[in-house]
Amino acid sequence: MLNKKRTIDELLNEWMYDEELKQNILHWQTLEGQEAKFSSFPDKLHPSIKKALETRGISQLYTHQREAFDYASSNLSFTAVTPTASGKSLCYHLPVLQKILEDPSSRAIYLFPTKALAQDQKADLNDLIELMGEEVLSYTYDGDTAPGIRQKIRKAGHIIMTNPDMLHSGILPHHTKWVSLFENLKYIVIDELHTYKGVFGSHVAQVLRRLKRICAFYGSDPIFICTSATIKNPKELAEKLTNTKHELIANSGAPVGKKTFLFYNPPIVHPTFGVRRSSVLEVRDLATRLYEAGIQSIVFAKSRVRVEMLVTYLKSLTKNKIQDESIRGYRGGYLPTERRAIEKGLRNGNIQIVVSTNALELGVDIGQLQACIMTGYPGNIASAWQQAGRAGRRQDSALIIYVANSTALDQYVVNNPNYLLGSSPEEALINPENILILMDHLKCAVFELPFATTDSYGEFEVQQLLEFLEEEGVVIKTSGQWYWMSERFPAHEISLRSASQENVVIIDRTIPAGTKVIGEMDTYSAMTLLHEEAIYLHQGTQFQVEKLDWEEKKAFVREVDVDYFTDANLAVELKVLNEDKRADYETASVSYGDISLLAIPTIFKKIRFQTHENIGSGKIHIPPLEMHTNATWMSFDMPENWSEEMLTDSLTGAAYAIGSFIPLFIQCDRNDLSVVPQVKAVHNDRPTLFIYDSYPGGIGLSERVYDILLPILEQTIAHVKQCPCSSGCPSCIGAQDSLNESKGKVLKVLSILLREMM
């Protein structure tokens, strides 16, 4: 049960006079709520739908819902961009249900980025259909769908709710089993459009081109309906994703509750080195205050490890209560049944605090939360607003606390609150032209339907690419058509979400009677989180990895009770493959092109809970992973009288500083790009800073960096100079081991590059 409740306004009134808190709160801002804007029901709205809405207490639509219905009725594809909990689902439910009631043979596909969202929306839609009293059949179709009902769904389902992965590998390659769907497909709904960015979005863009090609084969031409949280380029993203022209609905008619934002900076605990108290420990203390005030809250953390650390800390609040489940973690890697139970516990109020990765940013219904704490800047403005939108979803007052990490970008945001509160959100970038992704899906497309020698594919001319595939021995050309001829099933070999094709399964050996699967993890993350001797945290319980079978992708773990967690390092080796652009200066050069990199796990550290001190280390024995991508790189002549050690420290600090500020300019996630220094680059023996796309084949981000390096360097130098530390700290150039004037040397490296380019 929850503690004795106080309201947000009562709590904030107390905090205003709390001296301990006040000294760390740099900014306090309240955004007032907004009244709803309504529009009448459309004249043509089916009586059954009208009856269902009125039963739910809806007597008129929000203006954006009415606009959506009108666009759909005019056979226009559109994208609706409105805040969290603004009734976006009715933007697509109403036109889809209207069409099915007008013509029962009509079909629709709903695409959600996760299975959890599909299940959540299915419950909401089925409730609406039940109130209508009409026979409209909606089904989820994913990996959990029982084989026994799959045939019924294919033949009779009016609305198929699925995810891009299932569409890619479970529906499109078997389109001959789905004839009634593809012949009568009227609408394709894409919910949470803003999630389709980077490598995932580029893959999904190709899946949708394959879907449109199959629709054309069966004689249908569906309308696209997209809904999104706020991003900078929703229309452009929707059009690039679907290869279809879109109208834009950007003005929400939904009411918005009052939101109070607190920008909180942990205190400095080591003035000489500029080290602040851990944001995780500060968040623990703030969440404890909310728990004791009976405030139902969500705490966001950026990594699985941080989620589990916070759950471990906070569960000490309930250690004397038997089977108390009021504090839970939530992240990718938990099994579906566990995630559903947590979502239900949030809705019915049994869970008071949930600690989550960005897995709960999306629109899964978790009820009415009152407060949100962000452990560090989420990486982009769009995610920050998504997380903030999880508090006060039902128009009540909400509290959002942003707790800054010590990183340069976090310190910039906490000291410049208007960057978060006043800037437009980022662009969501995709690159369907990525040749690796295009070739993968071209193989799938040939498998699904032969290509004529005159055919294009989406907006791409692909005859030369098909000739290449013929040389590879997977397609064959006969009498004017290209056919798939390999025994391989191409869709099964392509992961939409990561460079690696497989996940590592986590198997618990604690139980004497046998083993059980407790989670899974992508291959790249497993290199640093599931190596042998790693401490794997799950719902606050510690497991140690006893054996990692890398070939079979299985990690065997056993429950332990230790007072530390583990953190691992990856070394990266880079080689330039080819140079597409180059600018030469007197003692420096800037280039853009293709590189290959080798990620090598090296050592892991054991870090004590509470104090976060290093108490030991060990080697990791996992083979390296290779990746090809795009990069921009800056090379320059080594300054006179500098040793290699001085240069190494300076380049490392410069890489940290530049990497922190790139997201301010090209508005991407901090993890979308990596900055790596080389004292002697393999291709030219000069000191070099590489800025590369963190995705195979690249998605065009590093090319944008090439064009705007000058303002990035100017902003970086200004921030490092303004930082109050004397010799460098985590808030400007990264953690420093000694007082060796690193800050001055980093500024010299950055200034050399800036001076050369001006």
# chains A, B, ... in the order shown; residues from 1 in each chain; ligands from 1
call {"tool": "residues_around", "arguments": {"residues": "Leu570 of chain A", "least_positions_apart": "3", "cutoff": "6 Å", "atoms": "only C-alpha atoms", "output": "list in words"}}
result
Ile600, Pro601 and Thr602 of chain A
call {"tool": "atom_distance", "arguments": {"atom1": "atom CA of Ser702 of chain A", "atom2": "atom CA of Lys745 of chain A"}}
result
25.4 Å
call {"tool": "residues_around", "arguments": {"residues": "Tyr706 of chain A", "least_positions_apart": "2", "cutoff": "12 Å", "atoms": "only C-alpha atoms", "output": "JSON, numbers by chain"}}
result
{"A": [580, 581, 582, 583, 589, 590, 591, 592, 593, 630, 631, 632, 633, 634, 662, 665, 666, 690, 691, 692, 700, 701, 702, 703, 704, 708, 709, 710, 711, 712, 713, 757]}
call {"tool": "select_by_dssp", "arguments": {"residues": "segment 470-575 of chain A", "states": "helix (DSSP H, G or I)", "output": "list in words"}}
result
Glu470, Glu471, Pro490, Ala491, His492, Glu493, Thr523, Tyr524, Ser525, Ala526, Met527, Thr528 and Leu529 of chain A
call {"tool": "write_last_selection", "arguments": {"atoms": "C-alpha atoms", "output": "tab-separated table (two decimals), in the first residue's frame"}}
result
chain	number	residue	atom	x	y	z
A	470	GLU	CA	23.34	-12.48	-59.26
A	471	GLU	CA	27.14	-12.53	-58.99
A	490	PRO	CA	16.75	-13.76	-46.10
A	491	ALA	CA	14.41	-12.09	-43.56
A	492	HIS	CA	15.58	-14.41	-40.76
A	493	GLU	CA	19.16	-13.23	-41.19
A	523	THR	CA	25.29	-8.93	-28.42
A	524	TYR	CA	27.03	-5.54	-28.33
A	525	SER	CA	25.83	-4.76	-24.79
A	526	ALA	CA	26.63	-8.31	-23.63
A	527	MET	CA	30.34	-7.70	-24.34
A	528	THR	CA	30.53	-5.30	-21.39
A	529	LEU	CA	27.63	-6.50	-19.19
call {"tool": "closest_residue", "arguments": {"among": "A:Ile231, A:Ala571, A:Ala534, A:Ala287", "to": "Ala250 of chain A", "atoms": "only C-alpha atoms"}}
result
A:Ile231
call {"tool": "residues_around", "arguments": {"residues": "segment 555-562 of chain A", "least_positions_apart": "2", "cutoff": "10 Å", "atoms": "only C-alpha atoms", "output": "number ranges by chain"}}
result
A: 504-511, 515-521, 526, 530-538, 541-550, 552-553, 564-565, 608-609
call {"tool": "write_last_selection", "arguments": {"atoms": "C-alpha atoms", "output": "JSON list (two decimals), in the first residue's frame"}}
result
[["chain", "number", "residue", "atom", "x", "y", "z"],
["A", 504, "VAL", "CA", 22.38, -13.45, -25.57],
["A", 505, "VAL", "CA", 19.98, -15.46, -23.38],
["A", 506, "ILE", "CA", 20.52, -15.15, -19.61],
["A", 507, "ILE", "CA", 20.02, -18.43, -17.73],
["A", 508, "ASP", "CA", 19.76, -18.64, -13.93],
["A", 509, "ARG", "CA", 21.48, -21.70, -12.38],
["A", 510, "THR", "CA", 20.63, -20.79, -8.75],
["A", 511, "ILE", "CA", 17.76, -23.29, -8.41],
["A", 515, "THR", "CA", 17.67, -23.65, -14.73],
["A", 516, "LYS", "CA", 15.35, -20.91, -15.94],
["A", 517, "VAL", "CA", 15.66, -18.06, -18.45],
["A", 518, "ILE", "CA", 15.42, -14.67, -16.69],
["A", 519, "GLY", "CA", 16.22, -12.27, -19.54],
["A", 520, "GLU", "CA", 18.12, -11.51, -22.73],
["A", 521, "MET", "CA", 20.53, -8.86, -24.05],
["A", 526, "ALA", "CA", 26.63, -8.31, -23.63],
["A", 530, "LEU", "CA", 27.63, -10.33, -19.42],
["A", 531, "HIS", "CA", 31.33, -11.25, -19.52],
["A", 532, "GLU", "CA", 32.45, -13.92, -17.05],
["A", 533, "GLU", "CA", 32.56, -12.59, -13.44],
["A", 534, "ALA", "CA", 30.24, -9.67, -14.35],
["A", 535, "ILE", "CA", 27.59, -8.79, -11.79],
["A", 536, "TYR", "CA", 24.22, -8.82, -13.58],
["A", 537, "LEU", "CA", 21.47, -6.98, -11.68],
["A", 538, "HIS", "CA", 17.82, -7.98, -12.13],
["A", 541, "THR", "CA", 18.82, -9.12, -7.14],
["A", 542, "GLN", "CA", 22.52, -9.70, -7.91],
["A", 543, "PHE", "CA", 23.65, -12.49, -10.21],
["A", 544, "GLN", "CA", 27.23, -13.32, -11.15],
["A", 545, "VAL", "CA", 28.01, -14.58, -14.64],
["A", 546, "GLU", "CA", 29.67, -17.98, -14.15],
["A", 547, "LYS", "CA", 30.02, -18.86, -17.83],
["A", 548, "LEU", "CA", 29.46, -17.00, -21.10],
["A", 549, "ASP", "CA", 29.07, -19.32, -24.10],
["A", 550, "TRP", "CA", 29.74, -16.76, -26.84],
["A", 552, "GLU", "CA", 25.81, -20.37, -28.42],
["A", 553, "LYS", "CA", 24.93, -16.87, -27.09],
["A", 564, "TYR", "CA", 29.82, -4.16, -5.62],
["A", 565, "PHE", "CA", 28.78, -3.94, -9.28],
["A", 608, "ARG", "CA", 31.60, -0.68, -4.48],
["A", 609, "PHE", "CA", 27.98, 0.32, -3.88]]
call {"tool": "select_by_dssp", "arguments": {"residues": "segment 549-713 of chain A", "states": "strand (DSSP E)", "output": "ChimeraX atom specification"}}
result
/A:549,554-560,564-584,588-608,614-619,625-636,673-678,688-693
call {"tool": "residues_around", "arguments": {"residues": "Ser74 of chain A", "least_positions_apart": "3", "cutoff": "12 Å", "atoms": "only C-alpha atoms", "output": "PyMOL selection string"}}
result
chain A and resi 67-71+77-78+95+99+223+247
call {"tool": "write_last_selection", "arguments": {"atoms": "C-alpha atoms", "output": "PDB file, in the first residue's frame"}}
result
ATOM      1  CA  GLU A  67      -8.790  17.059 -38.132  1.00  0.00           C
ATOM      2  CA  ALA A  68      -7.411  13.501 -38.347  1.00  0.00           C
ATOM      3  CA  PHE A  69     -10.840  12.044 -39.176  1.00  0.00           C
ATOM      4  CA  ASP A  70     -11.361  14.632 -41.921  1.00  0.00           C
ATOM      5  CA  TYR A  71      -7.970  13.938 -43.555  1.00  0.00           C
ATOM      6  CA  SER A  77      -2.070  10.244 -45.473  1.00  0.00           C
ATOM      7  CA  PHE A  78      -1.251  12.346 -42.395  1.00  0.00           C
ATOM      8  CA  PRO A  95     -11.307   6.427 -39.312  1.00  0.00           C
ATOM      9  CA  LYS A  99     -14.174   2.330 -42.866  1.00  0.00           C
ATOM     10  CA  ILE A 223      -3.478   5.401 -46.547  1.00  0.00           C
ATOM     11  CA  GLU A 247      -0.391  16.229 -44.241  1.00  0.00           C
TER      12      GLU A 247
END
call {"tool": "residues_around", "arguments": {"residues": "Ile298 of chain A", "least_positions_apart": "6", "cutoff": "8 Å", "atoms": "only C-alpha atoms", "output": "PyMOL selection string"}}
result
chain A and resi 353-356+369+371-373+390-391
call {"tool": "write_last_selection", "arguments": {"atoms": "C-alpha atoms", "output": "compact mmCIF listing (two decimals), in the first residue's frame"}}
result
# COMPACT_ATOMS: atom_id res chain seq x y z
CA ILE A 353 8.00 3.88 -7.49
CA VAL A 354 9.15 2.37 -10.77
CA VAL A 355 12.74 2.79 -11.95
CA SER A 356 12.97 2.45 -15.71
CA LEU A 369 1.90 9.12 -12.01
CA ALA A 371 6.30 12.82 -10.37
CA CYS A 372 9.16 12.04 -12.72
CA ILE A 373 12.89 12.09 -11.93
CA ARG A 390 4.76 10.40 -17.89
CA ALA A 391 3.90 12.55 -14.86
call {"tool": "residues_around", "arguments": {"residues": "Leu237 of chain A", "least_positions_apart": "4", "cutoff": "9 Å", "atoms": "only C-alpha atoms", "output": "number ranges by chain"}}
result
A: 193-194, 196-197, 233, 241-242, 427-430
call {"tool": "atom_distance", "arguments": {"atom1": "atom CA of Val269 of chain A", "atom2": "atom CA of Leu420 of chain A"}}
result
26.2 Å
call {"tool": "atom_distance", "arguments": {"atom1": "atom CA of Lys235 of chain A", "atom2": "atom CA of Ser383 of chain A"}}
result
18.4 Å
